[in-house]
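As structure tokens, the structure follows; a few thoughts come after it.
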Amino acid sequence: MRRARLSLLGLLAGCTASFDPPSFVAGLRVLAVKAEPPEVAPGETTTLTVLDVDTDGRAIAISWFRCLVRPLPGSPVADDCVTGAQPDDLMSVGAGTPLAFTMPAATPGDLGLPDSTGGYFVPLLAHADTGADALTFGYRVRLATGGPRNHNPPLVSVAHDAPHPVGAAAGTPGEPLDESAPLAIAAGQEVTLRAAFADDSAETYDVVIAGAPTRTVTEVLSFAWFATAGSFSEDVTSPDRPDTKLKLDKRVPPSGTTVDLWVVGRDERGGTDFLHRTLVVQ
Amino acid sequence: MRNGLALRRLQSIAVAAAALVALGRGRADEPAPLTKPPRLVRFIEAEAPPRLAELGRVDVILTIDIDAAGSVTAVAVAQSAGEDFDAAAVAAARQFAFEPGEAGGRNVPVRITYRYRFVAKPEPADAGPPGAPATEPAADVPAADQVERSQPPAPAAGVGPRGDGRYTSTVRGEHVASETVEHTLQVEEIQRIPGTQGDTLKAIQSLPGVARAPYGLGLLVVWGSAPVDTRTYVDGVYIPTLYHFGGLRSTVNSEMIQSLDFLPGGYSVDHGLGLGGVVDVATRVPRRDALHGYAQIDVLDGSVGLEGPLGRDVDFAVSARRSWIDAFLPLFTSADFQLSPAYYDYQARLVYRPTPRDDLSFVVLGSDDNVTLLTTQPDPNLSAQYDSHTYYHRGIVSWLHRFAGGATLSLTTSAGYDVPFQVSYARANSTGHVDAQTLAYGARLAARVPLESWLRLDAGVDFEGNRWTIDREAPLVDPMMHANGDSAVAADDFTVYTNHAAPFASLAFSLFDHKLTIDPQFRLALMTFSGYPGEPQSFSSTFARPEPRLSLRYQLTPEVALKASFGLYDQPPQPQDLSAVFGNPKLSPELAYHYVAGVDVRVTPSLTLSLEGFYKDLRNLVVAGEHAGDPLRVNDGIGRVYGGEILVRQELWKGFFGWISYTLSRSERRDHPDEDWHVFQYDQTHILNLMASYQLGGGYQLGLRYRYVTGNPTTPVAASYFDSNLNQYVGVMGPAYSTRLGPFSQLDLRFDKTWTFDQWRLSLYLDVQNVTNSANPEGVTYNFDYSRNATVNGLPILPVLGVRGEF
């Protein structure tokens with residue numbers, strides 16, 4: 001499978017079109033899939049929970065499939081499974097969210113070469129459908145191969161500073177966003193947001209790739225930010241540089257309307273967690 | 001004494017080999033090599049313009065055509081010193097008389113390059129007699145061993161006049177056989193082509209049959225072949241890297257280049273190992289009259305050079321260049337984005353002539369590119385560091401011996417060390433590297449033997465060997481593009497020996513008063529690949545591939561020649577593709593059949609037209625494996641390329657030169673037997689080039705270049721899905737190269753001004769690319785879920801200012 005990606009060549013041109021960023025949520029979106037636990041051995045079961053959104057309020061039907069085709073090197077999932085060119089390549093594994101998925105009897109040799117973390121994955125694809133809109137998403141369940149297993153990095157909080165005019169000096173985000181008490185923010189203001197994982201969320205693991213020395217590394221964690229209005233200064237942050245500014249400078253809904261905010265935490269090995277908060281436009 | 005000054009006309013110094021522009025290669029229909037150069041027997045003193053009093057010394061470089069009787073038939077200015085000096089020198093040279101040159105026991109027409117030097121001197125008594133070649137034969141006209149007869153018919157697109165059975169001076173002693181399609185560029189022309197900043201090898205991209213690479217990268221896509229299929233040689237020795245940073249500058253300084261031959265296809269047996277074209281660069285022969293030097297700077301880099309005699313029989317030339325974009329680029333970057341590119345290159349040549357019949361040449365050259373890209377972002381997936389250090393170094397020793405009967409024997413040996421590809425990256429916990437290094441060694445022995453006036457034998461043997469070590473830990477596909485931790489990763493560290501030997505021979509029959517040339521040729525390509533020595537997965541394979549080739553040429557009239565050629569060409573797989581992990585040790589050589597036919601027309605002595613049609617049949621191409629579980633690289637691919645091109649070219653005439661060329665072509669590939677044909681990645685249906693340069697007088701000259709090409713093929717995104725592990729959408733590509741970008745259209749202008757002082761000259765140039773600021777599409781970018789896309793445009797208007805001083 002060839003994949004479209006931003007390449008170094010693209011950087012040479014130095015100019016890109018102005019598109020909505022992925023952090024702006026409108027219509028049907030799937031923002032994350034969380035597997036609990038994220039790494040399982042054959043015969044063990046994990047629970048898959050989808051963070052899906054439809055800003056038009058439509059019900060979302062989800063159907064799950066396992067891709068039976070071994071992907072070509074360089075791609076996580078075989079093309080035919082995505083395009084549906086060969087229906088027999090997909091095996092239904094259930095519907096809805098959450099979904100219990102049992103790891104099939106698979107060995108690393110069945111799943112191709114490892115990714116850069118040394119992991120082997122069983123690829124799952126899913127269709128989200130509102131009747132009017134549909135999209136395809138995927139999650140790769142990590143196969144436990146005998147070493148210490150991965151865990152999801154728990155998200156514990158989202159903090160904010162006092163909303164202030166865009167461009168004014170920001171404060172330190174110390175006040176937690178309360179799911180039950182939306183933060184009020186006016187059009188033209190911005191608020192600095194900071195998410196946090198639980199302590200010791202970054203685990204260490206061994207990268208084992210045949211022909212290369214084994215390396216022990218610590219997981220790199222990240223926060224992905226999403227909102228139904230405004231724009232973020234950073235769509236993705238990390239525990240080392242956790243702050244992003246949500247500016248209510250565009251796509252601002254009417255006063256009194258709620259703005260949904262999500263933060264998705266990830267590690268490199270399929271570990272995921274997410275939180276939802278709300279803001280209200282003054 | 002004129003205008004109160006005594007004019008001392010120094011002996012007219014024919015430009016030494018450095019200025020003896022290479023106007024072409026020997027052709028199969030050459031009747032015999034030149035055995036005696038023309039000798040100046042009547043010199044006419046030019047009337048010096050009044051400006052000479054303040055300038056002191058002025059040189060005008062002339063091209064003089066001498067007929068078989070020794071009379072001057074044409075004079076052209078090859079290097080101007082201003083209208084007044086040009087006119088005076090030309091008027092005088094037209095009255096020269098020569099003792100004619102000889103070849104095969106008879107007088108023959110010859111073209112020489114001639115330096116007419118004006119020197120102001122107050123003492124009339126010092127005004128010497130007309131330069132007598134007899135006293136300084138090597139300086140006044142090219143000696144017999146410095147000239148070579150060119151092919152009688154007009155070449156396909158030679159810059160210099162080479163037709164009509166004349167002889168022409170050349171710096172190349174050994175070219176084996178005839179070329180059906182050959183484009184030769186003179187340094188004097190190259191340095192005036194707009195949009196290239198005087199860069200010799202970038203000028204190739206303005207020649208017919210060369211597609212424009214996306215983003216202006218230095219990829220040579222010749223007659224629909226992949227860039228890697230076209231090989232570049234310096235003094236007959238292969239070099240791995242043509243450009244710094246993929247197109248910024250040539251790795252061989254233009255100042256050290258004597259001439260450049262470009263063979264797009266259907267070429268003769270003295271070249272092999274490639275399915276595409278050949279770029280053959282000859283380094284300059286140092287000037288022998290005095291010490292000369294130059295210094296040049298522009299916004300990208302600076303270079304210096306020096307050349308001259310070291311003794312009676314030894315001359316040298318040396319140059320070096322260093323970029324300084326790494327010095328000023330930090331002004332435009334930030335702490336979160338740092339880019340540090342730096343490059344340098346060097347060339348040196350020493351020529352020793354132990355006897356009048358022997359030339360020994362020692363050349364060293366090298367190139368080094370180093371770049372670090374560091375991005376530090378809150379998103380750990382965007383924080384990354386890329387480091388790349390690529391280089392090559394070459395030492396070349398060559399010997400040429402000229403026998404009394406006109407035969408020649410040459411031996412060229414070379415050795416070097418290359419790192420043509422090296423990159424390492426670190427992004428989050430994903431690290432990887434590709435480090436390809438090679439010890440390169442080669443030798444070439446070639447003989448040219450005129451057996452009869454109508455028959456010539458060229459024969460020799462080529463050897464090119466490499467010891468590669470390739471260490472790679474990276475995604476299996478495109479490590480530079482997929483270093484995101486989402487791709488299957490593997491590692492391999494292996495050694496592979498690739499050795500290629502090829503005996504070759506060519507018999508050139510010149511029949512019917514040299515009107516018909518039939519040149520059957522044969523090359524036996526012997527290739528061995530041995531990998532993983534001493535390891536369990538060791539392999540060794542040998543291939544013997546006969547490569548018959550044939551060249552025909554018929555001189556229909558003195559002005560019109562018909563031509564055709566056929567050839568079989570083999571190309572070894574790329575060494576990294578022989579990896580047991582990333583490639584396939586069982587790969588065999590790729591294969592191509594070239595068919596070329598056309599006509600050359602010399603409209604005027606300096607205006608030529610050439611028309612060619614070509615077809616290439618490509619087989620056994622190395623492509624990616626089709627199915628999971630297949631070897632990553634297989635010989636499943638085939639291809640076909642067909643098209644035609646026309647070139648109208650005005651050689652330097654009254655200060656003007658230029659050309660217009662148009663190529664119509666189609667290049668297609670089929671990757672696997674059960675797949676459909678698709679257009680080649682760089683296929684361009686229409687390629688139009690217009691180049692013109694004119695000396696305005698007074699040291700001013702103006703040039704323009706216009707290019708129009710069909711947009712490059714692109715592959716659309718057929719579907720996409722959100723990959724939750726990666727937090728990004730992944731696009732699934734549709735039919736390969738089934739859509740196209742919009743056309744590319746660009747006008748470049750170049751303006752030069754030269755001031756001539758007593759002992760040196762100062763030049764200033766302004767090279768403006770994309771004068772009309774056209775928004776030329778170079779690629780496609782998508783939004784996050786691939787539901788929308790937009791065109792990525794190339795560079796806007798880009799002025800480049802440069803200054804150069806020389807003495």
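Residues are referred to by chain and number: the chain letter is A, B, ... according to the order shown in the structure tokens, the number counts from 1 in that chain, and ligands are numbered separately from 1 in the order shown.
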
Could you give me, as a PyMOL selection string, the residues within 10 Å of Thr278 in chain A, counting only C-alpha atoms and dropping anything in the same chain fewer than 5 positions from it?
chain A and resi 177-184+227-228+258-262

Leaving out Arg70 in chain A and any residue of its chain fewer than 4 positions from it, which residues lie within 7 Å of it when counting only C-alpha atoms, given as a ChimeraX atom specification?
/A:78,111-112 /B:628

Nearest to chain A among B:Glu806, B:Asp723, B:Asp617, B:Asp261, with distances taken over only C-alpha atoms: which residue is it?
B:Asp723

With a distance cut-off of 7 Å and only C-alpha atoms, select the neighbouring residues of Leu664 in chain B, excluding the residue or stretch itself and same-chain residues fewer than 5 positions from it, and output the selection as a ChimeraX atom specification.
/B:643-645,685-687

Please identify all polymer residues within 10 Å of Thr257 in chain A, counting only C-alpha atoms, omitting same-chain residues fewer than 5 positions from it, and present them as a ChimeraX atom specification.
/A:252,279-282

Any chance you could export the current selection's N, CA and C atoms as a PDB file, in the first residue's frame?
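Below is the file result-v3.pdb, written as the result:
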ATOM      1  N   VAL A 252     -16.979  30.503  15.809  1.00  0.00           N
ATOM      2  CA  VAL A 252     -17.531  30.703  17.151  1.00  0.00           C
ATOM      3  C   VAL A 252     -19.053  30.578  17.103  1.00  0.00           C
ATOM      4  N   LEU A 279     -16.998  23.916  27.301  1.00  0.00           N
ATOM      5  CA  LEU A 279     -16.898  25.348  27.541  1.00  0.00           C
ATOM      6  C   LEU A 279     -18.238  25.946  27.117  1.00  0.00           C
ATOM      7  N   VAL A 280     -18.518  27.129  27.595  1.00  0.00           N
ATOM      8  CA  VAL A 280     -19.738  27.798  27.163  1.00  0.00           C
ATOM      9  C   VAL A 280     -19.370  29.202  26.685  1.00  0.00           C
ATOM     10  N   VAL A 281     -19.948  29.553  25.558  1.00  0.00           N
ATOM     11  CA  VAL A 281     -19.631  30.857  24.971  1.00  0.00           C
ATOM     12  C   VAL A 281     -20.426  31.925  25.692  1.00  0.00           C
ATOM     13  N   GLN A 282     -19.719  32.958  26.137  1.00  0.00           N
ATOM     14  CA  GLN A 282     -20.387  34.048  26.853  1.00  0.00           C
ATOM     15  C   GLN A 282     -21.132  34.962  25.881  1.00  0.00           C
TER      16      GLN A 282
END

CA of Val181 in chain B to CA of Ser565 in chain B measures 9.0 Å

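Interface residues of chain B facing chain A, defined by any atom at most 6 Å away and using only C-alpha atoms, are Pro378, Asp379, Ser430, Leu476, Val477, Met481, Gly485, Asp486, Ser487, Ala488, Val489, Ala491, Asp492, Ala628, Tyr721, Phe722, Asp723, Ser724, Asn725, Gly731, Val732, Met733, Asn783, Phe784 and Gly794 of chain B.
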